[in-house]
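K.L.:
My structure is in target_25.cif, and what it holds is mmCIF, C-alpha atoms:
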data_start
loop_
_atom_site.label_atom_id
_atom_site.label_comp_id
_atom_site.auth_asym_id
_atom_site.auth_seq_id
_atom_site.Cartn_x
_atom_site.Cartn_y
_atom_site.Cartn_z
CA MET A 1 112.92 188.89 241.29
CA GLU A 2 115.21 190.32 238.61
CA PHE A 3 117.51 191.85 241.23
CA ILE A 4 117.78 188.53 243.08
CA LEU A 5 118.58 186.83 239.79
CA PHE A 6 121.19 189.53 239.15
CA LEU A 7 122.88 188.79 242.49
CA PHE A 8 122.92 185.08 241.70
CA PHE A 9 124.54 185.70 238.32
CA LEU A 10 127.02 188.13 239.88
CA ILE A 11 128.27 185.35 242.14
CA PHE A 12 128.23 182.88 239.25
CA THR A 13 130.17 185.13 236.84
CA THR A 14 132.71 186.01 239.53
CA ILE A 15 133.44 182.32 240.12
CA LEU A 16 133.48 181.68 236.38
CA THR A 17 135.98 184.50 235.83
CA GLY A 18 138.20 183.02 238.53
CA VAL A 19 138.09 179.60 236.85
CA VAL A 20 138.80 181.02 233.39
CA GLY A 21 141.56 183.20 234.82
CA TYR A 22 143.19 180.24 236.55
CA TYR A 23 143.21 178.05 233.45
CA ALA A 24 144.38 180.96 231.28
CA ASN A 25 147.31 181.46 233.63
CA LEU A 26 148.00 177.73 233.72
CA LEU A 27 147.82 177.06 230.00
CA PHE A 28 148.86 180.35 228.38
CA PHE A 29 150.43 182.93 230.70
CA ASN A 30 152.55 180.41 232.58
CA ALA A 31 152.61 177.51 230.13
CA LYS A 32 154.72 174.49 231.00
CA GLU A 33 155.56 171.23 229.32
CA ASN A 34 154.27 169.03 232.11
CA TYR A 35 151.46 169.48 234.61
CA PRO A 36 150.71 167.35 237.65
CA ARG A 37 147.17 165.98 237.57
CA GLU A 38 146.24 167.86 240.75
CA GLU A 39 147.12 171.16 239.08
CA ILE A 40 144.42 170.53 236.46
CA THR A 41 141.70 169.13 238.72
CA GLU A 42 142.15 170.64 242.19
CA ILE A 43 141.44 174.24 241.25
CA TRP A 44 139.05 175.69 243.82
CA GLY A 45 141.68 176.74 246.31
CA GLU A 46 143.58 178.50 243.52
CA VAL A 47 140.41 180.17 242.20
CA PHE A 48 139.69 181.43 245.72
CA ARG A 49 143.23 182.83 246.01
CA LEU A 50 142.93 184.46 242.60
CA THR A 51 139.64 186.15 243.54
CA LEU A 52 140.96 187.34 246.89
CA GLY A 53 144.01 188.69 245.09
CA LEU A 54 141.72 190.81 242.94
CA PHE A 55 139.97 192.33 245.95
CA GLU A 56 143.29 192.85 247.75
CA SER A 57 144.97 194.44 244.74
CA GLY A 58 144.43 197.91 246.20
CA GLY A 59 145.85 196.92 249.58
CA ASN A 60 142.58 196.42 251.49
CA LEU A 61 140.41 193.33 251.02
CA VAL A 62 137.21 194.79 252.51
CA LEU A 63 137.49 198.06 250.59
CA GLY A 64 138.16 196.22 247.35
CA ALA A 65 135.12 193.99 247.87
CA VAL A 66 132.90 197.00 248.69
CA LEU A 67 134.02 198.84 245.56
CA PHE A 68 133.44 195.70 243.49
CA VAL A 69 129.84 195.39 244.74
CA THR A 70 129.23 199.13 244.38
CA ALA A 71 130.46 199.15 240.78
CA SER A 72 128.32 196.08 240.06
CA LEU A 73 125.22 197.84 241.35
CA ILE A 74 126.01 200.95 239.29
CA ALA A 75 126.23 198.74 236.21
CA PHE A 76 122.93 197.04 237.09
CA PHE A 77 121.01 200.30 237.55
CA TRP A 78 122.61 201.70 234.40
CA SER A 79 121.18 198.74 232.48
CA LEU A 80 117.67 199.73 233.60
CA LEU A 81 117.84 203.19 232.01
CA GLY A 82 116.66 201.92 228.65
CA GLY A 83 113.22 201.45 230.17
CA LEU A 84 113.00 205.14 231.09
CA ILE A 85 113.30 206.43 227.53
CA GLY A 86 111.44 203.77 225.57
CA THR A 87 110.24 200.22 225.82
CA PRO A 88 110.91 198.14 228.96
CA HIS A 89 114.61 197.62 229.64
CA TYR A 90 114.41 193.90 228.92
CA SER A 91 112.76 194.16 225.51
CA ASN A 92 114.39 193.64 222.13
CA ALA A 93 114.99 197.32 221.29
CA MET A 94 118.08 199.16 220.07
CA GLY A 95 118.10 201.61 222.98
CA ASN A 96 118.13 198.75 225.46
CA TYR A 97 121.08 197.14 223.74
CA PHE A 98 123.02 200.37 224.25
CA PHE A 99 122.40 200.41 228.00
CA GLN A 100 122.93 196.65 228.29
CA PHE A 101 126.29 196.88 226.52
CA PRO A 102 129.29 197.10 228.93
CA ILE A 103 130.04 200.68 227.92
CA LEU A 104 130.90 201.81 231.46
CA PHE A 105 133.37 198.94 231.65
CA PHE A 106 135.20 200.00 228.48
CA ILE A 107 135.12 203.71 229.34
CA PHE A 108 136.77 203.00 232.69
CA LEU A 109 139.27 200.59 231.12
CA PHE A 110 140.53 202.81 228.31
CA THR A 111 140.42 206.12 230.23
CA TYR A 112 141.99 204.70 233.40
CA PRO A 113 145.60 205.81 232.71
CA PHE A 114 144.57 209.39 231.90
CA LEU A 115 142.07 209.73 234.74
CA LYS A 116 144.52 208.29 237.23
CA ASP A 117 147.22 210.77 236.21
CA ALA A 118 144.75 213.65 236.41
CA PHE A 119 142.69 212.79 239.49
CA GLY A 120 144.13 209.70 241.16
CA THR A 121 146.75 211.22 243.45
CA VAL A 122 144.80 212.44 246.49
CA GLY A 123 141.58 211.90 248.42
CA THR A 124 138.72 209.62 247.50
CA SER A 125 139.75 209.40 243.86
CA LYS A 126 143.12 207.96 244.90
CA ILE A 127 141.35 205.14 246.76
CA LEU A 128 139.16 204.54 243.71
CA PHE A 129 142.05 204.24 241.28
CA GLU A 130 144.19 202.19 243.66
CA ASN A 131 141.36 199.65 243.61
CA GLY A 132 140.94 199.95 239.85
CA ARG A 133 140.86 196.20 239.27
CA SER A 134 137.95 195.73 241.66
CA VAL A 135 136.03 198.61 240.10
CA LEU A 136 136.69 197.36 236.57
CA ALA A 137 135.60 193.83 237.49
CA GLY A 138 132.46 195.16 239.14
CA LEU A 139 131.46 197.23 236.10
CA GLY A 140 132.10 194.35 233.72
CA LEU A 141 130.59 191.48 235.67
CA GLY A 142 127.75 193.70 236.88
CA THR A 143 126.76 194.47 233.30
CA TRP A 144 127.05 190.86 232.20
CA SER A 145 125.03 189.69 235.22
CA ALA A 146 122.35 192.26 234.37
CA ASN A 147 122.27 190.86 230.81
CA LEU A 148 121.89 187.30 232.08
CA ALA A 149 119.18 188.28 234.57
CA ALA A 150 117.11 190.14 231.95
CA TRP A 151 117.51 187.37 229.40
CA GLY A 152 116.89 184.61 231.91
CA LEU A 153 113.71 186.19 233.23
CA TYR A 154 112.14 187.55 230.04
CA HIS A 155 113.93 185.84 227.12
CA GLU A 156 113.51 188.85 224.82
CA PHE A 157 117.18 189.66 224.20
CA TYR A 158 119.21 187.85 221.61
CA PHE A 159 121.30 185.40 223.61
CA LEU A 160 124.14 185.95 221.12
CA PHE A 161 124.32 189.55 222.41
CA VAL A 162 124.61 188.31 226.01
CA LEU A 163 127.27 185.78 225.01
CA MET A 164 129.26 188.41 223.11
CA ASN A 165 129.19 190.72 226.14
CA GLY A 166 130.47 187.91 228.32
CA ILE A 167 133.43 187.30 226.00
CA LEU A 168 134.23 191.01 225.79
CA VAL A 169 134.24 191.29 229.59
CA LEU A 170 136.11 188.06 230.32
CA TRP A 171 138.90 188.78 227.86
CA PRO A 172 140.52 191.77 229.64
CA LEU A 173 139.53 190.57 233.12
CA THR A 174 141.43 187.33 232.55
CA TYR A 175 144.58 189.42 232.14
CA TYR A 176 143.99 191.75 235.08
CA TRP A 177 143.03 189.02 237.53
CA ASN A 178 146.44 187.50 236.82
CA GLY A 179 148.27 190.82 237.19
CA ILE A 180 149.04 191.19 233.47
CA ARG A 181 148.58 194.37 231.47
CA PHE A 182 146.00 194.43 228.68
CA PHE A 183 146.72 196.44 225.51
CA SER A 184 149.58 198.15 227.39
CA ILE A 185 147.14 199.38 230.05
CA THR A 186 148.23 198.54 233.59
CA ILE A 187 145.64 198.61 236.35
CA GLY A 188 146.73 197.92 239.91
CA PRO A 189 150.00 196.41 241.12
CA ALA A 190 152.32 194.65 238.72
CA GLU A 191 152.62 191.43 240.73
CA ARG A 192 151.71 188.34 238.73
CA PHE A 193 149.47 185.69 240.22
CA THR A 194 151.51 182.62 241.11
CA SER A 195 149.89 179.28 241.70
CA HIS A 196 151.12 177.40 244.75
CA TRP A 197 151.93 174.55 242.36
CA ASP A 198 154.70 176.76 241.01
CA GLU A 199 156.22 177.42 244.42
CA ASP A 200 158.20 174.18 244.50
CA ILE A 201 156.13 172.64 247.25
CA TYR A 202 156.76 169.21 245.85
CA GLU A 203 160.16 167.85 246.65
CA GLU A 204 161.47 164.81 244.92
CA GLU A 205 160.83 161.82 247.12
CA GLU A 206 163.55 159.26 247.72
CA ASP A 207 162.94 155.80 246.34
CA PRO A 208 162.67 153.49 249.38
CA PHE A 209 164.07 150.64 247.31
CA THR A 210 167.22 152.50 246.36
CA PRO A 211 170.08 151.45 248.62
CA PRO A 212 171.93 154.21 250.45
CA PRO A 213 175.19 155.35 248.90
CA SER A 214 178.28 153.42 249.92
CA PRO A 215 180.52 155.21 252.38
CA ALA A 216 183.66 156.73 250.96
CA PRO A 217 186.78 154.52 251.45
CA LYS A 218 189.02 155.49 254.28
CA ASP A 219 192.62 156.41 253.62
#
Show me the file's structure as structure tokens.
P.N.:
Amino acid sequence: MEFILFLFFLIFTTILTGVVGYYANLLFFNAKENYPREEITEIWGEVFRLTLGLFESGGNLVLGAVLFVTASLIAFFWSLLGGLIGTPHYSNAMGNYFFQFPILFFIFLFTYPFLKDAFGTVGTSKILFENGRSVLAGLGLGTWSANLAAWGLYHEFYFLFVLMNGILVLWPLTYYWNGIRFFSITIGPAERFTSHWDEDIYEEEEDPFTPPPSPAPKD
């Protein structure tokens, strides 16, 4: 039951990150003076594009999605390790808070530049680091989904801990999903996410009540 709940929250947090990332790009990263109403309300197509862009950031949509799911599962099983050395993994114990904290997420984030330079040039490791955004998102959202599943099923964690983890994960992911570096750390391609509202798809319509211009006088 807990694993099924984890999968549900993984889908939920992925969609939530897409929504937060879209509005962060709209209101902060690409702030404008005026916004059409549709740009604020009709967001699901843009959220879908943003999420696909994350999975495609390494050049292959399927591979990016597989690495995202794999990293999420690693984070989930990591969160269960607290139960092997002490009280059950969902109980209110200090050891469980360690394994439920997104430590794998932050290790990968802050060691990414060094590990990529050392190991990310050939073979399987090159594929891994080329899809760094998918892996990072999987580790972060996988941990947060594991938190939500354990808290939702057993209610023994402090919810403030779960909420704090969500903020810590969403903060850097909001940058990376939009193709922006975080604390000078670049993961994946440098292309910024661009909403289709910014691609000048709206052309100024002619006023049907405005008379056509008068022809120029002939010489």
K.L.:
Per residue of range 26-89 of chain A within 8 Å of range 129-132 of chain A, record the nearest atom pair and its distance in Å to one decimal, counting all atoms listed in the file, with rows in chain order and ascending residue number, as a tab-separated table.
P.N.:
residue	atom	partner	partner_atom	distance
A:Phe55	CA	A:Asn131	CA	7.8
A:Ser57	CA	A:Asn131	CA	6.4
A:Gly58	CA	A:Asn131	CA	4.4
A:Gly59	CA	A:Asn131	CA	8.0
A:Gly64	CA	A:Asn131	CA	6.0
A:Leu67	CA	A:Asn131	CA	7.6
K.L.:
Where does the PyMOL selection byres ((chain A and resi 29) around 12) land in this file, that is, which residues does it pick, as a list of chain:residue names?
P.N.:
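On this input, the PyMOL selection byres ((chain A and resi 29) around 12) captures A:Gly21, A:Tyr22, A:Tyr23, A:Ala24, A:Asn25, A:Leu26, A:Leu27, A:Phe28, A:Asn30, A:Ala31, A:Lys32, A:Thr174, A:Tyr175, A:Tyr176, A:Trp177, A:Asn178, A:Gly179, A:Ile180, A:Arg181, A:Arg192, A:Phe193, A:Thr194, A:Ser195.
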K.L.:
Here's the selection I'm unsure about, the PyMOL selection byres ((chain A and resi 10) around 9); applied to the file above, which residues does it give, as number ranges by chain?
P.N.:
A: 5-9, 11-15, 72, 138, 141-142, 144-146
K.L.:
Please report the interatomic distance between CA of Phe182 in chain A and CA of Ala149 in chain A in Å with one decimal.
P.N.:
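It comes out at 28.1 Å.
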K.L.:
I'd like to know which of A:Lys126, A:Thr186, A:Ala118, A:Gln100 is closest to Met164 in chain A, using all atoms listed in the file.
P.N.:
A:Gln100
K.L.:
Rounded to one decimal place, report the CA of Tyr90 in chain A-CA of Ile74 in chain A distance in Å.
P.N.:
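Here the two named atoms are 17.1 Å from each other.
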K.L.:
Evaluated on this file, the PyMOL selection byres ((chain A and resi 133) around 7) picks out some residues - which ones are they, written as a short mmCIF file (atom, residue, chain, number, x, y, z; two decimals) with C-alpha atoms, in the coordinates of the input?
P.N.:
data_model
loop_
_atom_site.label_atom_id
_atom_site.label_comp_id
_atom_site.auth_asym_id
_atom_site.auth_seq_id
_atom_site.Cartn_x
_atom_site.Cartn_y
_atom_site.Cartn_z
CA LEU A 54 141.72 190.81 242.94
CA ASN A 131 141.36 199.65 243.61
CA GLY A 132 140.94 199.95 239.85
CA SER A 134 137.95 195.73 241.66
CA VAL A 135 136.03 198.61 240.10
CA LEU A 136 136.69 197.36 236.57
CA ALA A 137 135.60 193.83 237.49
CA TYR A 176 143.99 191.75 235.08
CA ILE A 187 145.64 198.61 236.35
CA GLY A 188 146.73 197.92 239.91
#
K.L.:
Find the distance between CA of Val66 in chain A and CA of Leu52 in chain A and write it in Å to one decimal.
P.N.:
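Atom-to-atom, CA of Val66 in chain A and CA of Leu52 in chain A are spaced 12.7 Å apart.
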K.L.:
Go through A:Leu50, A:Leu148, A:Ile40, A:Ile103 one by one, measure the shortest atom-to-atom distance of each to Gly166 in chain A using all atoms listed in the file, and give the residue with the smallest value.
P.N.:
A:Leu148
K.L.:
Quick one: of A:Met1, A:Tyr154, A:Ala75, A:Gly53, who's nearest to Phe106 in chain A, counting all atoms listed in the file?
P.N.:
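Looking only at the distances to Phe106 in chain A, the closest residue turns out to be A:Ala75.
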K.L.:
Centre and edge lengths of an axis-aligned box around all listed atoms of range 51-56 of chain A, with 3 Å added on each side, are to be given in Å to one decimal, as AutoDock Vina command-line options.
P.N.:
--center_x 141.8 --center_y 189.5 --center_z 245.3 --size_x 10.4 --size_y 12.7 --size_z 10.8
K.L.:
For each of A:Leu153, A:Thr70, A:Phe101, A:Ser79, take the minimum atom-to-atom distance to Ile167 in chain A, counting all atoms listed in the file, then give the residue where this is smallest.
P.N.:
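Nearest to Ile167 in chain A: A:Phe101.
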K.L.:
Closest to Val19 in chain A among A:Glu46, A:Glu156, A:Asp117, A:Glu39, using all atoms listed in the file?
P.N.:
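Looking at the shortest contact to Val19 in chain A, the residue is A:Glu46.
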K.L.:
Please determine, counting only C-alpha atoms, which residue among A:Thr143, A:Asn34, A:Thr17, A:Ser184 has the shortest atom-to-atom distance to Val69 in chain A.
P.N.:
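For Val69 in chain A, the nearest of the given residues is A:Thr143.
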K.L.:
Is it possible to get the residues within 12 Å of (117.9, 198.4, 228.6) (coordinates as in the file, counting only C-alpha atoms) written as a PyMOL selection string?
P.N.:
chain A and resi 75-102+143+146-147+149-151+156-157
